[in-house]
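Shown below: query.txt, with compact mmCIF, C-alpha atoms.
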# COMPACT_ATOMS: atom_id res chain seq x y z
CA MET A 879 0.00 0.00 0.00
CA SER A 880 1.48 3.34 -1.03
CA ALA A 881 1.62 6.34 1.30
CA ARG A 882 -1.46 8.60 1.46
CA PHE A 883 -1.43 12.37 1.37
CA THR A 884 -3.21 13.25 4.62
CA PRO A 885 -4.78 16.62 5.55
CA GLU A 886 -1.96 17.22 8.06
CA MET A 887 0.61 17.00 5.25
CA LYS A 888 -0.69 20.22 3.70
CA LYS A 889 1.20 22.12 6.42
CA THR A 890 4.41 20.09 6.31
CA HIS A 891 4.95 18.80 2.76
CA THR A 892 6.30 20.31 -0.45
CA ILE A 893 4.41 18.99 -3.48
CA LEU A 894 6.61 18.49 -6.55
CA VAL A 895 5.04 18.99 -9.99
CA PRO A 896 6.66 17.82 -13.26
CA ASP A 897 7.17 20.55 -15.83
CA MET A 898 5.26 20.43 -19.13
CA LEU A 899 4.06 23.94 -19.97
CA PRO A 900 6.13 26.46 -17.97
CA ILE A 901 3.62 29.34 -18.31
CA HIS A 902 0.50 27.31 -17.58
CA PHE A 903 1.90 25.19 -14.79
CA GLN A 904 3.31 28.16 -12.89
CA LEU A 905 -0.17 29.70 -12.92
CA LEU A 906 -1.70 26.43 -11.69
CA ILE A 907 0.79 26.26 -8.82
CA SER A 908 0.04 29.86 -7.80
CA ILE A 909 -3.69 29.02 -7.69
CA LEU A 910 -3.09 26.21 -5.21
CA LYS A 911 -1.05 28.30 -2.75
CA PRO A 912 -3.97 30.10 -1.02
CA TYR A 913 -5.61 26.71 -0.47
CA GLY A 914 -2.67 25.60 1.68
CA TYR A 915 -0.73 23.59 -0.91
CA HIS A 916 2.98 24.38 -1.18
CA CYS A 917 3.93 23.28 -4.71
CA GLU A 918 7.18 23.52 -6.63
CA LEU A 919 7.64 23.13 -10.38
CA LEU A 920 10.53 20.84 -11.34
CA ARG A 921 12.65 22.35 -14.10
CA THR A 922 15.56 19.89 -14.04
CA ALA A 923 16.61 19.03 -17.58
CA SER A 924 19.94 17.22 -17.12
CA ARG A 925 20.91 13.79 -18.39
CA ALA A 926 20.39 12.57 -14.82
CA VAL A 927 16.63 12.78 -15.40
CA VAL A 928 16.83 10.34 -18.33
CA ASP A 929 19.22 8.05 -16.43
CA GLU A 930 16.87 7.88 -13.43
CA GLY A 931 13.97 7.17 -15.77
CA LEU A 932 15.86 4.29 -17.38
CA LYS A 933 16.71 2.86 -13.94
CA ASN A 934 13.13 2.95 -12.68
CA VAL A 935 10.95 2.41 -15.75
CA HIS A 936 11.06 -0.49 -18.22
CA ASN A 937 12.67 0.69 -21.44
CA ASP A 938 9.64 -0.44 -23.46
CA THR A 939 7.52 2.14 -21.62
CA CYS A 940 6.84 5.40 -23.42
CA TYR A 941 9.38 8.22 -23.30
CA PRO A 942 7.10 10.76 -21.52
CA ALA A 943 6.53 8.34 -18.62
CA LEU A 944 10.26 7.73 -18.40
CA LEU A 945 10.98 11.47 -18.21
CA VAL A 946 8.26 12.35 -15.69
CA ILE A 947 9.24 9.53 -13.33
CA GLY A 948 12.92 10.23 -13.91
CA GLN A 949 12.42 13.89 -13.02
CA PHE A 950 10.69 12.92 -9.77
CA MET A 951 13.34 10.35 -8.81
CA GLU A 952 16.20 12.71 -9.62
CA ALA A 953 14.66 15.37 -7.38
CA LEU A 954 14.16 12.96 -4.45
CA LYS A 955 17.73 11.65 -4.71
CA SER A 956 19.32 15.07 -5.21
CA GLY A 957 19.24 16.10 -1.55
CA ARG A 958 17.28 19.26 -2.39
CA TYR A 959 14.15 17.86 -0.71
CA ASP A 960 13.42 15.94 2.46
CA PRO A 961 11.65 12.73 1.36
CA ASP A 962 9.79 12.66 4.69
CA LYS A 963 8.24 16.03 3.83
CA THR A 964 7.73 15.68 0.08
CA ALA A 965 4.75 14.58 -2.02
CA LEU A 966 4.41 14.15 -5.79
CA LEU A 967 1.55 15.42 -7.96
CA ILE A 968 0.82 13.76 -11.28
CA THR A 969 -2.07 14.05 -13.74
CA GLN A 970 -4.30 11.18 -14.85
CA THR A 971 -6.58 11.65 -17.85
CA GLY A 972 -8.03 8.13 -17.88
CA GLY A 973 -8.46 6.04 -21.00
CA GLY A 974 -6.19 3.37 -22.42
CA CYS A 975 -2.92 5.25 -22.86
CA ARG A 976 0.08 5.96 -20.62
CA ALA A 977 -1.72 8.86 -18.90
CA SER A 978 -3.57 6.26 -16.82
CA ASN A 979 -0.48 4.17 -16.08
CA TYR A 980 2.03 6.82 -14.97
CA ILE A 981 0.85 6.87 -11.39
CA HIS A 982 1.22 3.09 -10.94
CA LEU A 983 4.66 3.11 -12.54
CA LEU A 984 5.68 5.96 -10.26
CA ARG A 985 4.48 4.19 -7.12
CA LYS A 986 6.36 1.07 -8.18
CA ALA A 987 9.53 3.13 -8.61
CA LEU A 988 9.08 4.65 -5.12
CA LYS A 989 8.23 1.38 -3.38
CA ASP A 990 11.73 0.32 -2.32
CA THR A 991 13.58 3.63 -2.06
CA PHE A 992 10.99 6.21 -0.96
CA PRO A 993 7.91 4.34 0.33
CA GLN A 994 7.00 7.29 2.59
CA VAL A 995 6.48 9.68 -0.34
CA PRO A 996 2.75 10.09 -1.22
CA VAL A 997 1.64 10.33 -4.86
CA ILE A 998 -1.34 12.60 -5.55
CA SER A 999 -3.56 12.00 -8.57
CA LEU A 1000 -4.78 15.15 -10.31
CA ASN A 1001 -7.71 14.01 -12.43
CA PHE A 1002 -11.16 15.13 -13.49
CA SER A 1003 -12.59 11.71 -14.31
CA GLY A 1004 -13.25 10.34 -10.83
CA LEU A 1005 -10.10 8.21 -10.60
CA GLU A 1006 -8.63 7.47 -7.15
CA LYS A 1007 -11.43 8.97 -5.08
CA ASP A 1008 -10.48 9.41 -1.43
CA PRO A 1009 -12.77 11.69 0.62
CA LYS A 1010 -10.28 11.67 3.52
CA SER A 1011 -7.31 12.71 1.40
CA GLY A 1012 -5.49 15.97 2.08
CA TRP A 1013 -5.80 16.71 -1.64
CA GLN A 1014 -9.24 17.71 -2.88
CA MET A 1015 -10.17 19.11 -6.28
CA THR A 1016 -12.89 21.58 -5.35
CA PRO A 1017 -15.18 23.33 -7.87
CA ALA A 1018 -13.43 26.64 -7.09
CA ILE A 1019 -9.98 25.21 -7.87
CA PHE A 1020 -11.29 23.52 -11.02
CA LEU A 1021 -12.79 26.78 -12.27
CA LYS A 1022 -9.55 28.67 -11.64
CA PHE A 1023 -7.56 25.92 -13.38
CA LEU A 1024 -9.76 26.31 -16.44
CA TYR A 1025 -9.18 30.06 -16.55
CA ALA A 1026 -5.44 29.48 -16.03
CA VAL A 1027 -5.43 27.33 -19.18
CA LEU A 1028 -7.19 30.11 -21.12
CA TYR A 1029 -4.79 32.81 -19.93
CA GLY A 1030 -1.77 30.52 -20.35
CA ASP A 1031 -2.76 29.73 -23.94
CA LEU A 1032 -3.11 33.42 -24.78
CA LEU A 1033 0.26 34.30 -23.25
CA MET A 1034 1.95 31.39 -25.03
CA SER A 1035 0.39 32.30 -28.37
CA VAL A 1036 1.07 36.04 -28.42
CA SER A 1037 4.58 35.70 -26.97
CA ASN A 1038 5.45 33.22 -29.75
CA GLN A 1039 4.12 35.73 -32.29
CA CYS A 1040 6.29 38.50 -30.81
CA ARG A 1041 9.56 36.87 -29.76
CA PRO A 1042 10.96 36.12 -33.27
CA TYR A 1043 10.39 39.74 -34.36
CA GLU A 1044 11.27 41.82 -31.27
CA ILE A 1045 13.74 44.59 -32.05
CA ARG A 1046 15.19 44.55 -28.54
CA LYS A 1047 15.89 41.03 -27.39
CA GLY A 1048 14.18 40.25 -24.10
CA ASN A 1049 11.25 42.67 -24.42
CA THR A 1050 8.76 39.83 -24.97
CA GLU A 1051 10.04 37.97 -21.92
CA LYS A 1052 9.65 41.09 -19.76
CA VAL A 1053 6.02 41.54 -20.79
CA LEU A 1054 5.39 37.82 -20.31
CA GLN A 1055 6.82 37.84 -16.77
CA LYS A 1056 4.83 40.97 -15.96
CA TRP A 1057 1.58 39.24 -16.88
CA GLU A 1058 2.49 35.99 -15.16
CA LYS A 1059 2.93 37.91 -11.89
CA ARG A 1060 -0.21 39.99 -12.47
CA LEU A 1061 -2.33 36.92 -13.17
CA GLU A 1062 -1.03 35.19 -10.03
CA LYS A 1063 -2.43 38.12 -8.03
CA MET A 1064 -5.69 38.10 -10.01
CA PHE A 1065 -6.36 34.49 -9.05
CA HIS A 1066 -6.28 35.51 -5.39
CA SER A 1067 -9.36 37.66 -6.05
CA ARG A 1068 -12.21 37.57 -8.55
CA GLU A 1069 -10.38 39.77 -11.03
CA PHE A 1070 -9.47 36.77 -13.20
CA LEU A 1071 -13.15 36.47 -14.16
CA HIS A 1072 -13.02 39.77 -16.09
CA THR A 1073 -11.63 38.05 -19.17
CA LYS A 1074 -12.78 40.59 -21.75
CA ARG A 1075 -10.89 43.41 -20.03
CA ASN A 1076 -7.86 41.28 -19.21
CA TYR A 1077 -7.55 39.89 -22.74
CA LYS A 1078 -7.55 43.44 -24.12
CA ARG A 1079 -4.81 44.54 -21.72
CA ILE A 1080 -2.65 41.51 -22.50
CA LEU A 1081 -3.03 42.01 -26.24
CA ASP A 1082 -2.29 45.74 -25.96
CA ASP A 1083 0.89 45.15 -23.95
CA PHE A 1084 2.30 42.60 -26.37
CA ALA A 1085 1.25 44.66 -29.40
CA ALA A 1086 3.25 47.59 -27.98
CA ILE A 1087 6.51 45.62 -28.23
CA PRO A 1088 8.59 47.13 -31.10
CA ARG A 1089 8.82 44.44 -33.79
CA THR A 1090 9.97 43.94 -37.34
CA LYS A 1091 7.69 42.74 -40.14
CA ARG A 1092 6.24 39.27 -39.52
CA ASN A 1093 7.80 37.37 -42.40
CA LYS A 1094 9.73 34.45 -40.91
CA ILE A 1095 9.13 30.77 -41.57
CA ARG A 1096 6.30 29.54 -39.37
CA VAL A 1097 6.71 26.04 -37.98
CA GLY A 1098 3.81 24.28 -36.28
CA ILE A 1099 4.50 21.78 -33.50
CA VAL A 1100 1.99 18.95 -33.03
CA GLY A 1101 2.12 15.46 -31.54
CA GLU A 1102 1.84 13.74 -28.18
CA ILE A 1103 0.89 16.32 -25.56
CA TYR A 1104 3.91 16.01 -23.25
CA VAL A 1105 6.58 15.96 -25.96
CA LYS A 1106 4.80 18.70 -27.91
CA TYR A 1107 4.92 21.14 -25.01
CA SER A 1108 7.74 20.08 -22.66
CA PRO A 1109 11.19 21.63 -23.26
CA LEU A 1110 12.69 18.67 -21.38
CA ALA A 1111 11.04 16.15 -23.69
CA ASN A 1112 11.61 17.91 -27.05
CA ASN A 1113 15.11 19.18 -26.28
CA HIS A 1114 14.02 22.82 -26.24
CA LEU A 1115 12.56 22.64 -29.74
CA GLU A 1116 11.03 26.13 -29.53
CA ASP A 1117 14.38 27.70 -28.66
CA PHE A 1118 16.06 25.84 -31.52
CA LEU A 1119 13.46 27.03 -34.03
CA LEU A 1120 13.95 30.62 -32.82
CA SER A 1121 17.71 30.26 -33.24
CA GLU A 1122 17.11 29.09 -36.82
CA GLY A 1123 15.09 32.22 -37.60
CA CYS A 1124 11.63 30.63 -37.39
CA GLU A 1125 8.36 31.44 -35.65
CA PRO A 1126 7.08 28.49 -33.58
CA VAL A 1127 3.30 27.95 -33.79
CA ILE A 1128 1.98 25.78 -30.97
CA PRO A 1129 -1.67 24.69 -30.62
CA SER A 1130 -3.41 25.64 -27.39
CA LEU A 1131 -3.71 23.37 -24.36
CA LEU A 1132 -7.44 24.14 -24.30
CA GLU A 1133 -7.79 22.14 -27.52
CA PHE A 1134 -6.66 19.03 -25.66
CA VAL A 1135 -9.00 19.82 -22.75
CA MET A 1136 -11.95 20.09 -25.13
CA TYR A 1137 -10.81 16.98 -26.99
CA CYS A 1138 -10.99 15.02 -23.72
CA ALA A 1139 -14.34 16.60 -22.76
CA SER A 1140 -15.93 15.85 -26.15
CA SER A 1141 -14.63 12.27 -26.46
CA THR A 1142 -17.14 10.82 -23.99
CA GLY A 1143 -20.04 12.38 -25.84
CA ILE A 1144 -18.72 11.09 -29.17
CA GLU A 1145 -18.49 7.56 -27.76
CA GLY A 1146 -22.06 7.89 -26.45
CA LYS A 1147 -23.30 8.72 -29.94
CA LEU A 1148 -21.23 6.00 -31.66
CA TYR A 1149 -22.21 3.24 -29.24
CA HIS A 1150 -25.73 4.51 -28.48
CA PHE A 1151 -25.55 4.98 -24.73
CA ILE A 1152 -26.22 7.76 -22.24
CA SER A 1153 -24.57 8.04 -18.83
CA LYS A 1154 -23.97 10.70 -16.19
CA GLN A 1155 -20.44 11.12 -17.48
CA VAL A 1156 -21.71 11.68 -21.05
CA LEU A 1157 -24.18 14.32 -19.84
CA TYR A 1158 -21.71 16.10 -17.54
CA ASN A 1159 -18.94 16.13 -20.15
CA SER A 1160 -21.33 17.38 -22.83
CA ILE A 1161 -22.44 20.28 -20.61
CA GLY A 1162 -18.83 20.98 -19.64
CA TYR A 1163 -17.72 20.94 -23.27
CA LYS A 1164 -20.36 23.50 -24.28
CA ALA A 1165 -19.29 25.82 -21.44
CA ILE A 1166 -15.58 25.52 -22.27
CA TYR A 1167 -16.22 26.02 -25.98
CA ALA A 1168 -18.13 29.23 -25.20
CA MET A 1169 -15.10 30.45 -23.26
CA GLN A 1170 -12.82 29.65 -26.19
CA LYS A 1171 -15.14 31.50 -28.59
CA GLN A 1172 -14.95 34.56 -26.35
CA GLN A 1173 -11.14 34.51 -26.47
CA ILE A 1174 -11.08 34.05 -30.24
CA LYS A 1175 -13.48 36.97 -30.64
CA ALA A 1176 -11.29 39.18 -28.44
CA VAL A 1177 -8.13 38.38 -30.43
CA ARG A 1178 -9.87 38.94 -33.77
CA LYS A 1179 -11.37 42.23 -32.60
CA HIS A 1180 -7.95 43.42 -31.46
CA GLY A 1181 -6.64 42.66 -34.95
CA VAL A 1182 -2.89 42.29 -34.30
CA PHE A 1183 -2.40 38.59 -33.49
CA ASP A 1184 -3.64 35.29 -34.90
CA PRO A 1185 -6.36 33.68 -32.73
CA PRO A 1186 -6.32 30.01 -31.70
CA HIS A 1187 -8.11 27.45 -33.85
CA ASP A 1188 -11.85 27.22 -33.27
CA PHE A 1189 -12.40 23.74 -31.83
CA GLU A 1190 -15.55 23.04 -33.84
CA HIS A 1191 -13.55 23.87 -36.95
CA LEU A 1192 -10.89 21.39 -35.81
CA ARG A 1193 -13.58 18.74 -35.56
CA ARG A 1194 -14.68 19.45 -39.10
CA CYS A 1195 -11.04 19.24 -40.26
CA ALA A 1196 -10.73 15.82 -38.60
CA ASP A 1197 -13.93 14.55 -40.21
CA LYS A 1198 -12.33 14.90 -43.65
CA TYR A 1199 -9.74 12.26 -42.82
CA SER A 1200 -10.67 10.31 -39.70
CA SER A 1201 -13.54 9.40 -37.40
CA GLN A 1202 -13.76 11.29 -34.11
CA GLY A 1203 -14.12 7.86 -32.56
CA VAL A 1204 -10.35 7.54 -33.03
CA ASN A 1205 -9.64 9.03 -29.62
CA MET A 1206 -6.92 6.86 -28.09
CA GLY A 1207 -4.02 9.04 -27.00
CA GLU A 1208 -4.20 12.32 -28.92
CA GLY A 1209 -6.21 10.51 -31.61
CA TRP A 1210 -7.92 12.57 -34.28
CA LEU A 1211 -6.73 15.83 -32.69
CA ILE A 1212 -3.25 15.47 -34.21
CA THR A 1213 -4.74 15.05 -37.69
CA ALA A 1214 -7.05 18.03 -37.16
CA GLU A 1215 -4.21 20.26 -35.92
CA MET A 1216 -2.00 19.40 -38.91
CA ALA A 1217 -4.86 20.13 -41.33
CA ALA A 1218 -5.81 23.41 -39.58
CA LEU A 1219 -2.19 24.62 -39.53
CA ALA A 1220 -1.69 23.87 -43.23
CA GLU A 1221 -5.03 25.52 -44.05
CA THR A 1222 -4.12 28.74 -42.21
CA GLY A 1223 -0.67 29.20 -43.77
CA THR A 1224 1.57 27.30 -41.34
CA GLU A 1225 2.56 24.68 -43.90
CA ASN A 1226 5.78 23.61 -42.16
CA ILE A 1227 4.89 21.17 -39.39
CA ILE A 1228 6.93 19.08 -36.95
CA CYS A 1229 5.16 16.08 -35.47
CA THR A 1230 6.84 15.14 -32.19
CA GLN A 1231 6.85 11.35 -31.81
CA PRO A 1232 7.72 9.88 -28.40
CA PHE A 1233 9.05 6.34 -28.29
CA GLY A 1234 6.45 3.88 -27.07
CA CYS A 1235 3.36 5.93 -27.94
CA LEU A 1236 1.63 3.66 -30.43
CA PRO A 1237 -1.55 5.76 -30.93
CA ASN A 1238 0.58 8.80 -31.74
CA HIS A 1239 2.56 6.93 -34.39
CA ILE A 1240 -0.60 5.59 -35.99
CA VAL A 1241 -2.69 8.77 -36.09
CA ALA A 1242 0.25 11.06 -36.85
CA LYS A 1243 2.44 9.21 -39.33
CA GLY A 1244 -0.57 7.41 -40.74
CA MET A 1245 -2.30 10.68 -41.64
CA MET A 1246 0.67 12.63 -43.00
CA ARG A 1247 0.24 11.40 -46.57
CA VAL A 1248 -3.46 12.32 -46.80
CA ILE A 1249 -2.74 15.77 -45.32
CA LYS A 1250 0.02 16.29 -47.89
CA ASN A 1251 -2.33 15.16 -50.66
CA ALA A 1252 -4.91 17.72 -49.53
CA TYR A 1253 -2.31 20.48 -49.05
CA PRO A 1254 0.49 19.93 -51.64
CA ASN A 1255 2.65 22.65 -50.07
CA ALA A 1256 2.53 21.04 -46.64
CA ASN A 1257 6.04 20.28 -45.38
CA ILE A 1258 5.59 17.77 -42.56
CA THR A 1259 8.28 15.80 -40.77
CA ALA A 1260 8.17 13.43 -37.81
CA ILE A 1261 10.88 13.73 -35.16
CA ASP A 1262 11.37 10.79 -32.80
CA TYR A 1263 12.20 11.42 -29.15
CA ASP A 1264 13.57 8.61 -27.00
CA PRO A 1265 16.45 7.97 -24.57
CA GLY A 1266 18.77 6.87 -27.37
CA ALA A 1267 18.05 9.69 -29.82
CA THR A 1268 20.68 12.43 -29.80
CA ARG A 1269 19.81 16.11 -29.86
CA VAL A 1270 22.15 16.60 -32.83
CA ASN A 1271 20.26 14.08 -34.96
CA GLN A 1272 16.92 15.62 -34.03
CA GLU A 1273 18.11 19.13 -34.88
CA ASN A 1274 19.61 17.91 -38.17
CA ARG A 1275 16.21 16.49 -39.15
CA VAL A 1276 14.63 19.84 -38.34
CA LYS A 1277 17.25 21.59 -40.47
CA LEU A 1278 16.47 19.25 -43.38
CA MET A 1279 12.80 20.17 -43.05
CA LEU A 1280 13.65 23.88 -42.94
CA ALA A 1281 15.68 23.52 -46.14
CA ASN A 1282 12.39 22.82 -47.91
CA ALA A 1283 10.36 25.31 -45.88
CA ARG A 1284 8.27 28.02 -47.45
CA LYS A 1285 7.82 31.46 -45.94
CA PRO A 1286 4.23 32.61 -45.41
CA GLU A 1287 2.70 35.15 -47.73
CA VAL A 1288 2.38 38.35 -45.70

Once you've parsed the file, please lay out its structure as structure tokens.
Amino acid sequence: MSARFTPEMKKTHTILVPDMLPIHFQLLISILKPYGYHCELLRTASRAVVDEGLKNVHNDTCYPALLVIGQFMEALKSGRYDPDKTALLITQTGGGCRASNYIHLLRKALKDTFPQVPVISLNFSGLEKDPKSGWQMTPAIFLKFLYAVLYGDLLMSVSNQCRPYEIRKGNTEKVLQKWEKRLEKMFHSREFLHTKRNYKRILDDFAAIPRTKRNKIRVGIVGEIYVKYSPLANNHLEDFLLSEGCEPVIPSLLEFVMYCASSTGIEGKLYHFISKQVLYNSIGYKAIYAMQKQQIKAVRKHGVFDPPHDFEHLRRCADKYSSQGVNMGEGWLITAEMAALAETGTENIICTQPFGCLPNHIVAKGMMRVIKNAYPNANITAIDYDPGATRVNQENRVKLMLANARKPEV
């Protein structure tokens, strides 16, 4: 039996969180602080993380699981934390992919060396219910998390549209840090709810950054969610693209949230059943989609930056090539994102492929040819990420793709 996170541990324990999206996750951590949770985002990116992952996870397990567990184990062994006063927080999305298995693999890794370290499951699908646990996902926290995803997506999007063109290097980062700190304070009050006003202020501040003409090669990044977003997993792919004179274009995290929320309803229609989960997820999806529409409207009205992809449009893009019933892993969403990027002028696309993620390989590599047939100018390449792949080889594959890249028509 693994250790439980008790209510008393809120006062004594530091909760470690694996890094995936630096902007988003820092906001999420700041939201938890007023509720008594002391969280810390792990940013370790050394080879020691991979080595610990290889020691504690079978090498046939997917690369994201290896990195997340390796990052936790490296932190516990580093001496930076007291194992008797440390807990680990990990997400579980449910379903048949690795996102359901991480937590069991992690507990197995802890069993002999750190049996006293509790593992907390962050999930929205009713997994690991424990009414006496010191960790509780309340409606208030859930609502703030949802808004944090919205704000995080906007900051990620507009900063990526500014950073390649800033005249003074570092201006974008200054504005980004300013808004990260401001949003942390907003979540301690009800100010975060005033999205219309806050979106306008964010857009105005980033638009005021002196920039050159937007004419660089745009490169979309799609694929498995962890490797797509995590600098640790993709060897700082965004930074490399910037150094090569490109503009990274990264789909929003909210797209994945809506993909998960809509999948239950799609299965209900396909298999002709209705359940509480189908009804709740359908209601939740409609509410979240309305929030996304509001953000898209605000960005379009402002007129300076490209808005995120409308999720209903993504669903229509997917329907041209694949059934929405293909929802294992990132499923049809990868296909939809590739099609939407190519359709909106980001014809150069990198598909991040983690070792051991079978659904990703099927729905990504399997759909590349039909996307290229539909969009002849699409320049798509798959980059594999695993413990044995060297950064040099990955960057050389990116350079080969960029050799055939086309600049957008401005």

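Of the residues under consideration (A:Ala953, A:Ile1249, A:Ala881, A:Ile1258), A:Ile1258 shows the shortest atom-to-atom contact distance to A:Val1100 when counting only C-alpha atoms.
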
Dig up all the protein and nucleic acid residues within 12 Å of (-14.4, 11.6, -39.3) in the file frame, using all atoms listed in the file, and format them as number ranges by chain. A: 1144, 1148, 1192-1205, 1209-1211, 1213-1214

Which residue gives the smallest distance to A:Lys933 among A:Ile901, A:Val1248, A:Leu920, A:Ala987, with all atoms listed in the file counted? A:Ala987

Residues near A:Leu1236, cut-off 12 Å, all atoms listed in the file, skip fewer than 2 positions along chain, as a PyMOL selection string: chain A and resi 938-941+974-976+1101-1102+1206-1209+1231-1234+1238-1244

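Here atom CA of A:Pro1265 is placed at a distance of 16.2 Å from atom CA of A:Met951.
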
Could you tell me how far atom CA of A:Val928 lies from atom CA of A:Arg882, in Å and to one decimal? 27.0 Å
